[in-house]
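Undergrad: Shown below is the structure under consideration.
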Amino acid sequence: MGIYALVHDNVVTQVAVFEGQGAVDWLADNVGGVWVEGLKESGSRAGIGMTNNIVLDAFIPPTPYPSWVLDEATCQWEAPVAYPAEGVHVWDEEAGDWVEVPEVIDEAE
């Protein structure tokens, strides 16, 4: 069984699971559009909205924030500031930094 991605302008618009030989051709003939293997040697798997980056041979997820930079070795987006070692944090794009999430205490316990 294989995973296949329908791409338009290198953006994945649909993902299909298909069993059998000639899946790319069958999908193109019967569904239409341009289909590619949905699992790359890099280990990245196609998902709707991801970019099929031919140069990196990977599916790249949409950038979570404009300031984040793509690490071409891992094909993942990284914040311009390292994630803090302790606590739970969320990214604040306006501040350009991680903001700690206060611990919630359940008073019902």
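Within each chain, counting starts at residue 1; across the structure tokens, chains are named A, B, ... in the order shown, with ligands numbered 1 upward in that order.
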Just asking: which residues within region 4-105 of chain A are alpha helix (DSSP H) according to DSSP, as a PyMOL selection string?
TA: chain A and resi 23-30
Undergrad: Write the residues of the preceding selection, restricted to N, CA and C atoms, as a compact mmCIF listing (two decimals), in the first residue's frame.
TA:
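Final output, saved to part.txt:
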```txt
# COMPACT_ATOMS: atom_id res chain seq x y z
N ALA A 23 0.13 3.18 -9.52
CA ALA A 23 -0.82 4.06 -8.83
C ALA A 23 -0.79 5.48 -9.37
N VAL A 24 0.39 6.03 -9.60
CA VAL A 24 0.50 7.41 -10.08
C VAL A 24 -0.21 7.57 -11.41
N ASP A 25 0.01 6.62 -12.33
CA ASP A 25 -0.65 6.68 -13.63
C ASP A 25 -2.16 6.49 -13.51
N TRP A 26 -2.58 5.51 -12.69
CA TRP A 26 -4.01 5.26 -12.53
C TRP A 26 -4.70 6.48 -11.95
N LEU A 27 -4.12 7.07 -10.92
CA LEU A 27 -4.72 8.25 -10.29
C LEU A 27 -4.80 9.42 -11.28
N ALA A 28 -3.72 9.64 -12.04
CA ALA A 28 -3.73 10.73 -13.03
C ALA A 28 -4.80 10.49 -14.09
N ASP A 29 -4.95 9.25 -14.56
CA ASP A 29 -5.93 8.93 -15.60
C ASP A 29 -7.36 8.98 -15.09
N ASN A 30 -7.59 8.56 -13.84
CA ASN A 30 -8.95 8.43 -13.33
C ASN A 30 -9.42 9.56 -12.43
```
Undergrad: Excluding Trp77 (chain A) and residues on its chain fewer than 2 positions from it, collect all residues at most 8 Å away from it, counting only C-alpha atoms, and give them as a PyMOL selection string.
TA: chain A and resi 63-64+68-71+75+79
Undergrad: Quick one: residues within 9 Å of Val88 (chain A), only C-alpha atoms, excluding same-chain residues fewer than 4 positions away - as an MDAnalysis selection string?
TA: chainID A and resid 84 99:103
Undergrad: Dump C-alpha atoms for the selected residues as a PDB file, in the first residue's frame?
TA:
```
ATOM      1  CA  PRO A  84      13.691  27.249  26.717  1.00  0.00           C
ATOM      2  CA  VAL A  99       6.454  33.134  26.397  1.00  0.00           C
ATOM      3  CA  GLU A 100       6.011  30.845  29.375  1.00  0.00           C
ATOM      4  CA  VAL A 101       2.550  29.407  29.913  1.00  0.00           C
ATOM      5  CA  PRO A 102       1.591  29.658  33.583  1.00  0.00           C
ATOM      6  CA  GLU A 103       0.922  26.390  35.346  1.00  0.00           C
TER       7      GLU A 103
END
```
Undergrad: Can you pull out every residue from region 11-109 of chain A that DSSP, working from the backbone, puts in strand (DSSP E), and format the result as a PDB file with N, CA and C atoms, in the first residue's frame?
TA:
```
ATOM      1  N   VAL A  11       2.027  22.384  -4.382  1.00  0.00           N
ATOM      2  CA  VAL A  11       1.337  22.330  -3.084  1.00  0.00           C
ATOM      3  C   VAL A  11       0.406  21.121  -3.093  1.00  0.00           C
ATOM      4  N   VAL A  12       0.464  20.327  -2.027  1.00  0.00           N
ATOM      5  CA  VAL A  12      -0.371  19.132  -1.914  1.00  0.00           C
ATOM      6  C   VAL A  12      -1.821  19.558  -1.667  1.00  0.00           C
ATOM      7  N   THR A  13      -2.708  19.086  -2.549  1.00  0.00           N
ATOM      8  CA  THR A  13      -4.131  19.432  -2.423  1.00  0.00           C
ATOM      9  C   THR A  13      -4.982  18.235  -2.027  1.00  0.00           C
ATOM     10  N   GLN A  14      -4.424  17.035  -2.179  1.00  0.00           N
ATOM     11  CA  GLN A  14      -5.168  15.823  -1.827  1.00  0.00           C
ATOM     12  C   GLN A  14      -4.172  14.710  -1.571  1.00  0.00           C
ATOM     13  N   VAL A  15      -4.516  13.787  -0.678  1.00  0.00           N
ATOM     14  CA  VAL A  15      -3.666  12.633  -0.387  1.00  0.00           C
ATOM     15  C   VAL A  15      -4.528  11.385  -0.521  1.00  0.00           C
ATOM     16  N   ALA A  16      -3.945  10.341  -1.141  1.00  0.00           N
ATOM     17  CA  ALA A  16      -4.676   9.090  -1.328  1.00  0.00           C
ATOM     18  C   ALA A  16      -3.794   7.915  -0.932  1.00  0.00           C
ATOM     19  N   VAL A  17      -4.430   6.874  -0.423  1.00  0.00           N
ATOM     20  CA  VAL A  17      -3.749   5.615  -0.147  1.00  0.00           C
ATOM     21  C   VAL A  17      -4.197   4.659  -1.242  1.00  0.00           C
ATOM     22  N   PHE A  18      -3.241   4.000  -1.861  1.00  0.00           N
ATOM     23  CA  PHE A  18      -3.546   3.188  -3.035  1.00  0.00           C
ATOM     24  C   PHE A  18      -2.742   1.907  -2.972  1.00  0.00           C
ATOM     25  N   VAL A  34      -1.728  16.038 -11.292  1.00  0.00           N
ATOM     26  CA  VAL A  34      -0.366  15.506 -11.183  1.00  0.00           C
ATOM     27  C   VAL A  34      -0.223  14.834  -9.817  1.00  0.00           C
ATOM     28  N   TRP A  35       0.079  13.543  -9.843  1.00  0.00           N
ATOM     29  CA  TRP A  35       0.251  12.767  -8.614  1.00  0.00           C
ATOM     30  C   TRP A  35       1.709  12.392  -8.439  1.00  0.00           C
ATOM     31  N   VAL A  36       2.179  12.385  -7.199  1.00  0.00           N
ATOM     32  CA  VAL A  36       3.550  11.988  -6.865  1.00  0.00           C
ATOM     33  C   VAL A  36       3.513  11.049  -5.668  1.00  0.00           C
ATOM     34  N   GLU A  37       4.605  10.322  -5.493  1.00  0.00           N
ATOM     35  CA  GLU A  37       4.738   9.478  -4.297  1.00  0.00           C
ATOM     36  C   GLU A  37       4.581  10.358  -3.064  1.00  0.00           C
ATOM     37  N   THR A  51       4.221  21.755   0.941  1.00  0.00           N
ATOM     38  CA  THR A  51       4.881  22.014  -0.329  1.00  0.00           C
ATOM     39  C   THR A  51       5.730  20.812  -0.707  1.00  0.00           C
ATOM     40  N   ASN A  52       5.609  20.377  -1.957  1.00  0.00           N
ATOM     41  CA  ASN A  52       6.442  19.308  -2.487  1.00  0.00           C
ATOM     42  C   ASN A  52       7.736  19.952  -2.975  1.00  0.00           C
ATOM     43  N   ASN A  53       8.760  19.951  -2.114  1.00  0.00           N
ATOM     44  CA  ASN A  53      10.025  20.580  -2.449  1.00  0.00           C
ATOM     45  C   ASN A  53      10.892  19.574  -3.195  1.00  0.00           C
ATOM     46  N   ALA A  58      11.475  16.536  -0.312  1.00  0.00           N
ATOM     47  CA  ALA A  58      10.721  16.448   0.939  1.00  0.00           C
ATOM     48  C   ALA A  58       9.416  17.222   0.827  1.00  0.00           C
ATOM     49  N   PHE A  59       8.475  16.849   1.671  1.00  0.00           N
ATOM     50  CA  PHE A  59       7.249  17.625   1.830  1.00  0.00           C
ATOM     51  C   PHE A  59       7.476  18.568   3.004  1.00  0.00           C
ATOM     52  N   ILE A  60       7.283  19.857   2.772  1.00  0.00           N
ATOM     53  CA  ILE A  60       7.542  20.869   3.782  1.00  0.00           C
ATOM     54  C   ILE A  60       6.216  21.416   4.303  1.00  0.00           C
ATOM     55  N   VAL A  69      12.538  29.909  10.357  1.00  0.00           N
ATOM     56  CA  VAL A  69      13.417  29.591   9.244  1.00  0.00           C
ATOM     57  C   VAL A  69      13.405  28.082   9.002  1.00  0.00           C
ATOM     58  N   LEU A  70      13.412  27.717   7.727  1.00  0.00           N
ATOM     59  CA  LEU A  70      13.424  26.299   7.378  1.00  0.00           C
ATOM     60  C   LEU A  70      14.826  25.724   7.559  1.00  0.00           C
ATOM     61  N   ASP A  71      14.923  24.653   8.342  1.00  0.00           N
ATOM     62  CA  ASP A  71      16.173  23.902   8.483  1.00  0.00           C
ATOM     63  C   ASP A  71      16.169  22.878   7.349  1.00  0.00           C
ATOM     64  N   GLN A  76      12.221  20.986   8.654  1.00  0.00           N
ATOM     65  CA  GLN A  76      11.289  21.481   9.658  1.00  0.00           C
ATOM     66  C   GLN A  76      11.570  22.955   9.908  1.00  0.00           C
ATOM     67  N   TRP A  77      10.541  23.676  10.331  1.00  0.00           N
ATOM     68  CA  TRP A  77      10.672  25.099  10.639  1.00  0.00           C
ATOM     69  C   TRP A  77      11.220  25.256  12.046  1.00  0.00           C
ATOM     70  N   GLU A  78      12.123  26.223  12.224  1.00  0.00           N
ATOM     71  CA  GLU A  78      12.700  26.473  13.536  1.00  0.00           C
ATOM     72  C   GLU A  78      12.530  27.937  13.921  1.00  0.00           C
ATOM     73  N   HIS A  89       6.146  26.628  27.002  1.00  0.00           N
ATOM     74  CA  HIS A  89       6.171  27.929  26.349  1.00  0.00           C
ATOM     75  C   HIS A  89       5.392  27.905  25.042  1.00  0.00           C
ATOM     76  N   VAL A  90       4.926  29.053  24.599  1.00  0.00           N
ATOM     77  CA  VAL A  90       4.317  29.235  23.286  1.00  0.00           C
ATOM     78  C   VAL A  90       5.065  30.366  22.597  1.00  0.00           C
ATOM     79  N   TRP A  91       5.060  30.319  21.275  1.00  0.00           N
ATOM     80  CA  TRP A  91       5.764  31.339  20.517  1.00  0.00           C
ATOM     81  C   TRP A  91       4.917  32.598  20.423  1.00  0.00           C
ATOM     82  N   ASP A  92       5.515  33.752  20.661  1.00  0.00           N
ATOM     83  CA  ASP A  92       4.870  35.052  20.518  1.00  0.00           C
ATOM     84  C   ASP A  92       5.560  35.762  19.350  1.00  0.00           C
ATOM     85  N   ASP A  97       9.784  35.908  20.605  1.00  0.00           N
ATOM     86  CA  ASP A  97      10.381  35.082  21.653  1.00  0.00           C
ATOM     87  C   ASP A  97       9.333  34.117  22.206  1.00  0.00           C
ATOM     88  N   TRP A  98       9.821  33.168  22.989  1.00  0.00           N
ATOM     89  CA  TRP A  98       8.945  32.222  23.674  1.00  0.00           C
ATOM     90  C   TRP A  98       8.379  32.868  24.931  1.00  0.00           C
ATOM     91  N   VAL A  99       7.121  32.614  25.213  1.00  0.00           N
ATOM     92  CA  VAL A  99       6.454  33.134  26.397  1.00  0.00           C
ATOM     93  C   VAL A  99       6.004  31.942  27.233  1.00  0.00           C
ATOM     94  N   GLU A 100       6.366  31.968  28.507  1.00  0.00           N
ATOM     95  CA  GLU A 100       6.011  30.845  29.375  1.00  0.00           C
ATOM     96  C   GLU A 100       4.512  30.825  29.650  1.00  0.00           C
TER      97      GLU A 100
END
```
Undergrad: Leaving out Leu39 (chain A) and any residue of its chain fewer than 4 positions from it, which residues lie within 9 Å of it when counting only C-alpha atoms, given as a VMD selection string?
TA: chain A and resid 2 to 5 43 to 46 58 to 59
Undergrad: Next, write the just-selected residues to a file, as a PDB file, in the first residue's frame, keeping N, CA and C atoms as the atom set.
TA:
```pdb
ATOM      1  N   GLY A   2       0.534   2.230  -0.793  1.00  0.00           N
ATOM      2  CA  GLY A   2       1.345   3.430  -0.881  1.00  0.00           C
ATOM      3  C   GLY A   2       0.536   4.688  -0.649  1.00  0.00           C
ATOM      4  N   ILE A   3       1.242   5.749  -0.362  1.00  0.00           N
ATOM      5  CA  ILE A   3       0.629   7.063  -0.164  1.00  0.00           C
ATOM      6  C   ILE A   3       0.993   7.918  -1.369  1.00  0.00           C
ATOM      7  N   TYR A   4       0.004   8.638  -1.892  1.00  0.00           N
ATOM      8  CA  TYR A   4       0.220   9.463  -3.071  1.00  0.00           C
ATOM      9  C   TYR A   4      -0.387  10.838  -2.842  1.00  0.00           C
ATOM     10  N   ALA A   5       0.259  11.847  -3.439  1.00  0.00           N
ATOM     11  CA  ALA A   5      -0.180  13.230  -3.238  1.00  0.00           C
ATOM     12  C   ALA A   5      -0.508  13.869  -4.577  1.00  0.00           C
ATOM     13  N   GLY A  43      11.851  10.641   4.641  1.00  0.00           N
ATOM     14  CA  GLY A  43      10.914  10.233   5.690  1.00  0.00           C
ATOM     15  C   GLY A  43       9.724  11.157   5.809  1.00  0.00           C
ATOM     16  N   SER A  44       9.746  12.272   5.066  1.00  0.00           N
ATOM     17  CA  SER A  44       8.603  13.183   5.144  1.00  0.00           C
ATOM     18  C   SER A  44       7.422  12.589   4.398  1.00  0.00           C
ATOM     19  N   ARG A  45       6.250  12.811   4.947  1.00  0.00           N
ATOM     20  CA  ARG A  45       5.010  12.260   4.413  1.00  0.00           C
ATOM     21  C   ARG A  45       4.107  13.406   3.987  1.00  0.00           C
ATOM     22  N   ALA A  46       3.457  13.255   2.840  1.00  0.00           N
ATOM     23  CA  ALA A  46       2.593  14.298   2.292  1.00  0.00           C
ATOM     24  C   ALA A  46       1.405  14.580   3.190  1.00  0.00           C
ATOM     25  N   ALA A  58      11.475  16.536  -0.312  1.00  0.00           N
ATOM     26  CA  ALA A  58      10.721  16.448   0.939  1.00  0.00           C
ATOM     27  C   ALA A  58       9.416  17.222   0.827  1.00  0.00           C
ATOM     28  N   PHE A  59       8.475  16.849   1.671  1.00  0.00           N
ATOM     29  CA  PHE A  59       7.249  17.625   1.830  1.00  0.00           C
ATOM     30  C   PHE A  59       7.476  18.568   3.004  1.00  0.00           C
TER      31      PHE A  59
END
```
Undergrad: Quote the spacing between CA of Glu41 (chain A) and CA of Pro62 (chain A) in Å to one decimal place.
TA: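 For CA of Glu41 (chain A) relative to CA of Pro62 (chain A), the distance reads 19.8 Å.
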Undergrad: If you measure from CA of Val104 (chain A) to CA of Tyr83 (chain A), what distance in Å do you get, rounded to one decimal?
TA: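 Interatomic distance here is 20.4 Å.
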